[in-house]
$ cat run07.pdb   # PDB, C-alpha atoms
ATOM      1  CA  MET W   9     218.851  34.713 199.140
ATOM      2  CA  LYS W  10     216.354  32.015 200.135
ATOM      3  CA  SER W  11     213.525  33.870 198.381
ATOM      4  CA  ARG W  12     215.611  34.126 195.194
ATOM      5  CA  ILE W  13     216.337  30.380 195.231
ATOM      6  CA  ALA W  14     212.645  29.640 195.821
ATOM      7  CA  ALA W  15     211.677  31.812 192.855
ATOM      8  CA  ILE W  16     214.157  29.986 190.606
ATOM      9  CA  VAL W  17     212.759  26.606 191.692
ATOM     10  CA  VAL W  18     209.186  27.730 190.949
ATOM     11  CA  LEU W  19     210.123  29.031 187.493
ATOM     12  CA  ALA W  20     211.993  25.820 186.681
ATOM     13  CA  SER W  21     209.044  23.658 187.709
ATOM     14  CA  LEU W  22     206.686  25.737 185.574
ATOM     15  CA  ALA W  23     208.964  25.353 182.556
ATOM     16  CA  VAL W  24     209.133  21.584 182.981
ATOM     17  CA  GLY W  25     205.360  21.411 183.331
ATOM     18  CA  ALA W  26     204.840  23.450 180.174
ATOM     19  CA  ARG W  27     207.137  21.151 178.201
ATOM     20  CA  GLY W  28     205.142  18.137 179.347
ATOM     21  CA  GLN W  29     201.782  19.482 178.222
ATOM     22  CA  THR W  30     199.963  18.049 175.230
ATOM     23  CA  PRO W  31     199.633  20.622 172.414
ATOM     24  CA  GLY W  32     196.266  22.309 172.640
ATOM     25  CA  PRO W  33     193.809  23.283 169.908
ATOM     26  CA  ASN W  34     195.788  26.469 169.238
ATOM     27  CA  ALA W  35     199.028  24.609 168.438
ATOM     28  CA  ALA W  36     200.574  25.438 165.067
ATOM     29  CA  VAL W  37     198.873  23.676 162.163
ATOM     30  CA  LYS W  38     200.527  23.280 158.775
ATOM     31  CA  THR W  39     198.347  23.171 155.662
ATOM     32  CA  THR W  40     199.739  21.412 152.587
ATOM     33  CA  THR W  41     198.304  21.348 149.079
ATOM     34  CA  VAL W  42     198.763  17.828 147.719
ATOM     35  CA  PRO W  43     199.342  17.838 143.931
ATOM     36  CA  LEU W  44     197.130  15.336 142.139
ATOM     37  CA  ASP W  45     198.773  15.682 138.712
ATOM     38  CA  ARG W  46     201.943  13.828 139.744
ATOM     39  CA  LEU W  47     200.894  10.360 138.657
ATOM     40  CA  ASN W  48     204.355   8.963 139.477
ATOM     41  CA  GLU W  49     203.691   9.713 143.162
ATOM     42  CA  GLN W  50     200.494   7.642 143.232
ATOM     43  CA  GLN W  51     199.541   3.983 143.483
ATOM     44  CA  ALA W  52     196.500   3.316 141.315
ATOM     45  CA  ARG W  53     194.809   0.090 142.420
ATOM     46  CA  ASN W  54     192.147  -1.294 140.072
ATOM     47  CA  VAL W  55     191.455   2.125 138.574
ATOM     48  CA  LYS W  56     192.486   4.135 135.520
ATOM     49  CA  THR W  57     193.668   7.715 136.071
ATOM     50  CA  GLU W  58     194.296  10.720 133.850
ATOM     51  CA  TRP W  59     194.739  14.475 134.332
ATOM     52  CA  VAL W  60     191.851  16.316 132.672
ATOM     53  CA  THR W  61     189.764  19.468 132.675
ATOM     54  CA  TYR W  62     186.215  18.716 133.788
ATOM     55  CA  LYS W  63     183.491  21.355 133.948
ATOM     56  CA  GLY W  64     186.036  24.154 133.966
ATOM     57  CA  ARG W  65     188.270  22.657 136.641
ATOM     58  CA  LYS W  66     191.529  20.731 136.315
ATOM     59  CA  GLY W  67     191.549  17.492 138.230
ATOM     60  CA  LEU W  68     192.336  13.800 138.323
ATOM     61  CA  ARG W  69     189.824  11.541 136.598
ATOM     62  CA  VAL W  70     189.538   8.135 138.266
ATOM     63  CA  ILE W  71     187.635   5.293 136.615
ATOM     64  CA  ASP W  72     186.851   1.963 138.252
ATOM     65  CA  THR W  73     188.446  -0.897 136.282
ATOM     66  CA  ALA W  74     188.313  -3.631 138.912
ATOM     67  CA  PRO W  75     187.686  -7.123 137.491
ATOM     68  CA  PRO W  76     184.822  -9.128 138.999
ATOM     69  CA  ASP W  77     187.141 -11.235 141.179
ATOM     70  CA  VAL W  78     188.613  -8.221 143.009
ATOM     71  CA  ALA W  79     187.135  -7.560 146.426
ATOM     72  CA  ASP W  80     185.062  -4.391 146.565
ATOM     73  CA  GLY W  81     186.979  -1.643 148.325
ATOM     74  CA  ILE W  82     190.358  -1.886 146.596
ATOM     75  CA  GLN W  83     189.614   0.804 144.003
ATOM     76  CA  LEU W  84     192.051   3.391 145.287
ATOM     77  CA  VAL W  85     194.563   6.020 144.255
ATOM     78  CA  ILE W  86     197.004   6.013 147.156
ATOM     79  CA  LEU W  87     198.990   9.232 147.527
ATOM     80  CA  ASN W  88     202.461   7.989 148.386
ATOM     81  CA  LYS W  89     203.827  11.212 149.870
ATOM     82  CA  THR W  90     201.064  11.638 152.425
ATOM     83  CA  GLU W  91     201.142  10.404 156.003
ATOM     84  CA  PHE W  92     198.079  11.132 158.092
ATOM     85  CA  ARG W  93     196.964  10.514 161.642
ATOM     86  CA  ASP W  94     194.937  13.484 162.906
ATOM     87  CA  GLY W  95     193.962  16.678 161.136
ATOM     88  CA  THR W  96     191.710  17.988 158.383
ATOM     89  CA  ILE W  97     191.329  16.833 154.782
ATOM     90  CA  GLU W  98     189.613  19.123 152.260
ATOM     91  CA  ILE W  99     188.889  18.228 148.647
ATOM     92  CA  GLU W 100     186.542  18.838 145.728
ATOM     93  CA  LEU W 101     185.210  15.821 143.878
ATOM     94  CA  THR W 102     182.546  14.467 141.544
ATOM     95  CA  GLY W 103     181.095  11.011 141.102
ATOM     96  CA  GLU W 104     178.677   9.464 138.639
ATOM     97  CA  PRO W 105     177.828   6.003 137.341
ATOM     98  CA  SER W 106     179.773   4.802 134.332
ATOM     99  CA  PRO W 107     177.694   4.867 131.121
ATOM    100  CA  THR W 108     178.566   1.177 130.726
ATOM    101  CA  ALA W 109     177.363   0.247 134.228
ATOM    102  CA  LYS W 110     175.690  -3.150 134.283
ATOM    103  CA  SER W 111     174.443  -3.261 137.870
ATOM    104  CA  THR W 112     170.821  -2.464 138.629
ATOM    105  CA  ALA W 113     171.681   0.317 141.083
ATOM    106  CA  PRO W 114     174.881   2.209 140.218
ATOM    107  CA  ARG W 115     175.393   5.118 142.592
ATOM    108  CA  GLY W 116     178.545   6.936 141.441
ATOM    109  CA  PHE W 117     180.313   6.067 144.706
ATOM    110  CA  VAL W 118     183.133   8.535 145.430
ATOM    111  CA  GLY W 119     185.056   9.569 148.524
ATOM    112  CA  VAL W 120     188.292   9.820 150.462
ATOM    113  CA  ALA W 121     190.097   7.088 152.388
ATOM    114  CA  PHE W 122     192.540   7.914 155.167
ATOM    115  CA  ARG W 123     194.892   6.090 157.520
ATOM    116  CA  VAL W 124     195.436   3.733 154.577
ATOM    117  CA  ASN W 125     197.809   0.781 154.903
ATOM    118  CA  LEU W 126     198.280  -1.442 151.849
ATOM    119  CA  ASP W 127     199.732  -4.931 151.619
ATOM    120  CA  ALA W 128     200.495  -4.783 147.894
ATOM    121  CA  ALA W 129     201.558  -8.423 147.658
ATOM    122  CA  LYS W 130     198.174  -9.597 148.892
ATOM    123  CA  ASP W 131     196.236  -6.660 147.393
ATOM    124  CA  VAL W 132     194.709  -6.058 150.807
ATOM    125  CA  ALA W 133     194.149  -2.578 152.222
ATOM    126  CA  LYS W 134     193.067  -1.374 155.645
ATOM    127  CA  TYR W 135     191.625   2.115 155.902
ATOM    128  CA  GLU W 136     188.922   4.478 157.104
ATOM    129  CA  CYS W 137     186.677   6.089 154.491
ATOM    130  CA  PHE W 138     183.878   8.587 154.006
ATOM    131  CA  TYR W 139     182.119   8.418 150.658
ATOM    132  CA  LEU W 140     179.059   9.704 148.809
ATOM    133  CA  ARG W 141     176.310   8.058 146.796
ATOM    134  CA  PRO W 142     175.576  11.010 144.471
ATOM    135  CA  THR W 143     172.537   9.454 142.779
ATOM    136  CA  ASN W 144     170.845   9.207 146.191
ATOM    137  CA  GLY W 145     171.057  12.903 147.039
ATOM    138  CA  ARG W 146     167.907  13.985 145.225
ATOM    139  CA  ALA W 147     166.127  10.657 144.865
ATOM    140  CA  ASP W 148     162.338  10.525 145.287
ATOM    141  CA  ASP W 149     162.789   7.729 147.842
ATOM    142  CA  GLN W 150     163.547   9.177 151.294
ATOM    143  CA  VAL W 151     165.323   6.003 152.407
ATOM    144  CA  ARG W 152     167.779   6.403 149.538
ATOM    145  CA  ARG W 153     168.301  10.054 150.464
ATOM    146  CA  ASN W 154     169.162   8.976 153.994
ATOM    147  CA  HIS W 155     171.968   6.870 152.495
ATOM    148  CA  SER W 156     173.678   9.713 150.602
ATOM    149  CA  THR W 157     176.809   9.628 152.789
ATOM    150  CA  GLN W 158     178.571   6.586 154.220
ATOM    151  CA  TYR W 159     181.390   5.684 156.602
ATOM    152  CA  ILE W 160     183.237   2.370 156.316
ATOM    153  CA  SER W 161     186.364   0.817 157.824
ATOM    154  CA  HIS W 162     187.830  -1.592 155.300
ATOM    155  CA  PRO W 163     187.998  -4.569 155.318
ATOM    156  CA  ASP W 164     186.215  -5.562 158.521
ATOM    157  CA  PHE W 165     183.346  -3.071 158.480
ATOM    158  CA  PRO W 166     181.908  -2.731 154.950
ATOM    159  CA  TRP W 167     178.729  -0.758 154.371
ATOM    160  CA  PHE W 168     176.406  -3.779 154.363
ATOM    161  CA  ARG W 169     177.651  -5.019 157.731
ATOM    162  CA  LEU W 170     177.337  -1.569 159.296
ATOM    163  CA  ARG W 171     173.852  -1.088 157.853
ATOM    164  CA  LYS W 172     172.718  -4.476 159.165
ATOM    165  CA  GLU W 173     174.264  -4.275 162.642
ATOM    166  CA  PHE W 174     173.962  -0.506 163.245
ATOM    167  CA  PRO W 175     171.083   0.799 161.090
ATOM    168  CA  GLU W 176     171.319   4.509 160.213
ATOM    169  CA  LYS W 177     174.364   5.092 162.460
ATOM    170  CA  TYR W 178     176.998   5.319 159.731
ATOM    171  CA  GLU W 179     174.912   6.880 156.925
ATOM    172  CA  SER W 180     173.137  10.192 156.490
ATOM    173  CA  TYR W 181     171.587  12.643 154.040
ATOM    174  CA  ALA W 182     173.461  15.296 152.075
ATOM    175  CA  ASP W 183     172.368  17.271 149.027
ATOM    176  CA  VAL W 184     174.725  15.870 146.389
ATOM    177  CA  VAL W 185     174.314  15.649 142.607
ATOM    178  CA  PRO W 186     175.916  13.142 140.212
ATOM    179  CA  GLY W 187     178.728  14.600 138.128
ATOM    180  CA  GLU W 188     178.769  17.968 139.935
ATOM    181  CA  TRP W 189     181.731  19.320 141.899
ATOM    182  CA  THR W 190     181.180  18.822 145.633
ATOM    183  CA  LYS W 191     183.299  20.094 148.516
ATOM    184  CA  LEU W 192     184.169  17.656 151.287
ATOM    185  CA  LYS W 193     185.913  18.324 154.569
ATOM    186  CA  ILE W 194     186.927  15.556 156.948
ATOM    187  CA  GLU W 195     188.066  16.352 160.484
ATOM    188  CA  VAL W 196     189.878  13.559 162.320
ATOM    189  CA  HIS W 197     191.070  13.393 165.913
ATOM    190  CA  GLY W 198     191.871  10.123 167.652
ATOM    191  CA  ASP W 199     188.951   7.755 167.175
ATOM    192  CA  LYS W 200     186.565  10.515 166.085
ATOM    193  CA  ALA W 201     185.829  11.926 162.626
ATOM    194  CA  ARG W 202     183.342  14.350 161.093
ATOM    195  CA  LEU W 203     182.296  14.737 157.472
ATOM    196  CA  TYR W 204     181.195  18.145 156.165
ATOM    197  CA  VAL W 205     179.603  18.549 152.726
ATOM    198  CA  GLN W 206     179.512  21.691 150.556
ATOM    199  CA  GLY W 207     180.818  24.021 153.253
ATOM    200  CA  ALA W 208     178.011  23.314 155.720
ATOM    201  CA  PRO W 209     178.780  24.581 159.250
ATOM    202  CA  GLN W 210     177.508  21.333 160.776
ATOM    203  CA  PRO W 211     178.715  17.831 159.873
ATOM    204  CA  ALA W 212     176.583  15.546 157.746
ATOM    205  CA  LEU W 213     178.014  12.483 159.483
ATOM    206  CA  VAL W 214     179.760  11.941 162.835
ATOM    207  CA  VAL W 215     181.784   8.829 163.703
ATOM    208  CA  ASN W 216     183.114   8.179 167.205
ATOM    209  CA  ASP W 217     184.833   4.808 166.803
ATOM    210  CA  LEU W 218     187.499   4.863 164.096
ATOM    211  CA  LYS W 219     189.469   1.634 163.860
ATOM    212  CA  GLN W 220     192.769   2.468 162.112
ATOM    213  CA  ALA W 221     195.563   4.571 163.641
ATOM    214  CA  GLN W 222     197.698   6.102 160.899
ATOM    215  CA  GLY W 223     198.547   5.780 157.208
ATOM    216  CA  LYS W 224     198.287   7.322 153.758
ATOM    217  CA  ILE W 225     195.475   9.310 152.177
ATOM    218  CA  ALA W 226     193.777   7.849 149.101
ATOM    219  CA  LEU W 227     191.171   8.842 146.548
ATOM    220  CA  TRP W 228     188.374   6.277 146.675
ATOM    221  CA  VAL W 229     185.824   5.136 144.100
ATOM    222  CA  GLY W 230     183.275   2.360 144.126
ATOM    223  CA  THR W 231     181.938  -0.055 141.569
ATOM    224  CA  GLU W 232     181.136   1.291 138.077
ATOM    225  CA  THR W 233     182.089   4.869 138.941
ATOM    226  CA  ILE W 234     183.680   7.720 137.019
ATOM    227  CA  ALA W 235     185.063  10.306 139.438
ATOM    228  CA  HIS W 236     187.111  13.503 139.462
ATOM    229  CA  PHE W 237     189.232  14.954 142.265
ATOM    230  CA  ALA W 238     190.760  18.432 142.664
ATOM    231  CA  ASN W 239     192.186  20.872 145.206
ATOM    232  CA  LEU W 240     193.272  18.475 147.938
ATOM    233  CA  ARG W 241     194.521  20.217 151.081
ATOM    234  CA  VAL W 242     195.682  18.540 154.275
ATOM    235  CA  SER W 243     196.085  20.340 157.607
ATOM    236  CA  GLN W 244     197.807  18.663 160.536
TER     237      GLN W 244
END
$ encode --input "run07.pdb" --output "structure tokens"
Amino acid sequence: MKSRIAAIVVLASLAVGARGQTPGPNAAVKTTTVPLDRLNEQQARNVKTEWVTYKGRKGLRVIDTAPPDVADGIQLVILNKTEFRDGTIEIELTGEPSPTAKSTAPRGFVGVAFRVNLDAAKDVAKYECFYLRPTNGRADDQVRRNHSTQYISHPDFPWFRLRKEFPEKYESYADVVPGEWTKLKIEVHGDKARLYVQGAPQPALVVNDLKQAQGKIALWVGTETIAHFANLRVSQ
């Protein structure tokens, strides 16, 4: 009788312990395809959007329309029905400078923001972001090539602050081409994130100090950019 009671106690303690464990890497992961053609489920901030076919692929065209007095970094298409903390974001995108670009160094800035929180009344957004500078990918200048990918945390850590205070830490090289479809994968866990480009087995950029905790996912473009986005999948 005593041995039977002891066995029951042991089994009960094991069950309680199992319930208290943090889900491991093999925990169930749900992958969702996020439709980009539902414009009524998006917040377009300082951009123009339209559903188009571009180079044989259907996708969302996003064009920067921000006036000069708008702070750089608020050119976003926020996807209202997303909520993201940790997981994987996969997408195909293109970016190229607008033909009407007036700056001396347009880059075709394009990327994905995550953990986005927007104060619409103040037009202020906080988010993490990985983006590309497609015109840098095959530049003759090696320094420009080294700046093909970029991490930022808006608004406190823009690219110029990170480049000045932490040279080369938040930028890297990737073989990207303006106006051509490029696959991105972003893996996020806690304060760590990795950016993969064009299906490469190793990340192009690793970040170990994310600042934001949770929020929406957004399509991101920079100044004087025409971009396209397609096939967004989120696993978490």
$ residues_around --input "run07.pdb" --residues "stretch 212-223 of chain W" --least-positions-apart "2" --cutoff "7 Å" --atoms "all atoms listed in the file" --output "PDB file with C-alpha atoms, in the coordinates of the input"
ATOM      1  CA  GLU W  91     201.142  10.404 156.003  1.00  0.00           C
ATOM      2  CA  PHE W  92     198.079  11.132 158.092  1.00  0.00           C
ATOM      3  CA  ARG W  93     196.964  10.514 161.642  1.00  0.00           C
ATOM      4  CA  PHE W 122     192.540   7.914 155.167  1.00  0.00           C
ATOM      5  CA  ARG W 123     194.892   6.090 157.520  1.00  0.00           C
ATOM      6  CA  VAL W 124     195.436   3.733 154.577  1.00  0.00           C
ATOM      7  CA  ASN W 125     197.809   0.781 154.903  1.00  0.00           C
ATOM      8  CA  TYR W 135     191.625   2.115 155.902  1.00  0.00           C
ATOM      9  CA  GLU W 136     188.922   4.478 157.104  1.00  0.00           C
ATOM     10  CA  SER W 161     186.364   0.817 157.824  1.00  0.00           C
ATOM     11  CA  GLU W 179     174.912   6.880 156.925  1.00  0.00           C
ATOM     12  CA  SER W 180     173.137  10.192 156.490  1.00  0.00           C
ATOM     13  CA  TYR W 181     171.587  12.643 154.040  1.00  0.00           C
ATOM     14  CA  ALA W 182     173.461  15.296 152.075  1.00  0.00           C
ATOM     15  CA  ASP W 199     188.951   7.755 167.175  1.00  0.00           C
ATOM     16  CA  LYS W 200     186.565  10.515 166.085  1.00  0.00           C
ATOM     17  CA  ALA W 201     185.829  11.926 162.626  1.00  0.00           C
ATOM     18  CA  ARG W 202     183.342  14.350 161.093  1.00  0.00           C
ATOM     19  CA  LEU W 203     182.296  14.737 157.472  1.00  0.00           C
ATOM     20  CA  TYR W 204     181.195  18.145 156.165  1.00  0.00           C
ATOM     21  CA  VAL W 205     179.603  18.549 152.726  1.00  0.00           C
ATOM     22  CA  GLN W 210     177.508  21.333 160.776  1.00  0.00           C
ATOM     23  CA  ILE W 225     195.475   9.310 152.177  1.00  0.00           C
TER      24      ILE W 225
END
$ closest_residue --input "run07.pdb" --among "W:Glu232, W:Trp59, W:Ala52, W:Leu44" --to "W:Pro76" --atoms "all atoms listed in the file"
W:Glu232
$ residues_around --input "run07.pdb" --residues "stretch 48-51 of chain W" --least-positions-apart "3" --cutoff "9 Å" --atoms "only C-alpha atoms" --output "JSON, numbers by chain"
{"W": [44, 45, 84, 85, 86, 87, 88, 89, 226]}
$ closest_residue --input "run07.pdb" --among "W:Glu58, W:Glu104, W:Glu98, W:Asp72" --to "W:Val185" --atoms "all atoms listed in the file"
W:Glu104
$ atom_distance --input "run07.pdb" --atom1 "atom CA of W:Trp228" --atom2 "atom CA of W:Ala121"
6.0 Å
$ closest_residue --input "run07.pdb" --among "W:Ala113, W:Ala128, W:Ile97, W:Leu47" --to "W:Ser243" --atoms "only C-alpha atoms"
W:Ile97
$ closest_residue --input "run07.pdb" --among "W:Thr73, W:Gln158, W:Gln244, W:Asn239" --to "W:Leu101" --atoms "all atoms listed in the file"
W:Asn239
$ closest_residue --input "run07.pdb" --among "W:Asn54, W:Val60, W:Tyr159, W:Glu100" --to "W:Ala74" --atoms "all atoms listed in the file"
W:Asn54
$ atom_distance --input "run07.pdb" --atom1 "atom CA of W:Gly145" --atom2 "atom CA of W:Ala235"
16.1 Å
$ atom_distance --input "run07.pdb" --atom1 "atom CA of W:Leu126" --atom2 "atom CA of W:Pro75"
18.7 Å
$ closest_residue --input "run07.pdb" --among "W:Gly207, W:Asp131, W:Phe168, W:Thr108" --to "W:Lys191" --atoms "all atoms listed in the file"
W:Gly207
$ residues_around --input "run07.pdb" --residues "W:Ile71" --least-positions-apart "2" --cutoff "6 Å" --atoms "all atoms listed in the file" --output "VMD selection string"
chain W and resid 55 to 56 234
$ residues_around --input "run07.pdb" --residues "W:Thr233" --least-positions-apart "3" --cutoff "7 Å" --atoms "only C-alpha atoms" --output "number ranges by chain"
W: 71-72, 103-106, 116-117, 229-230
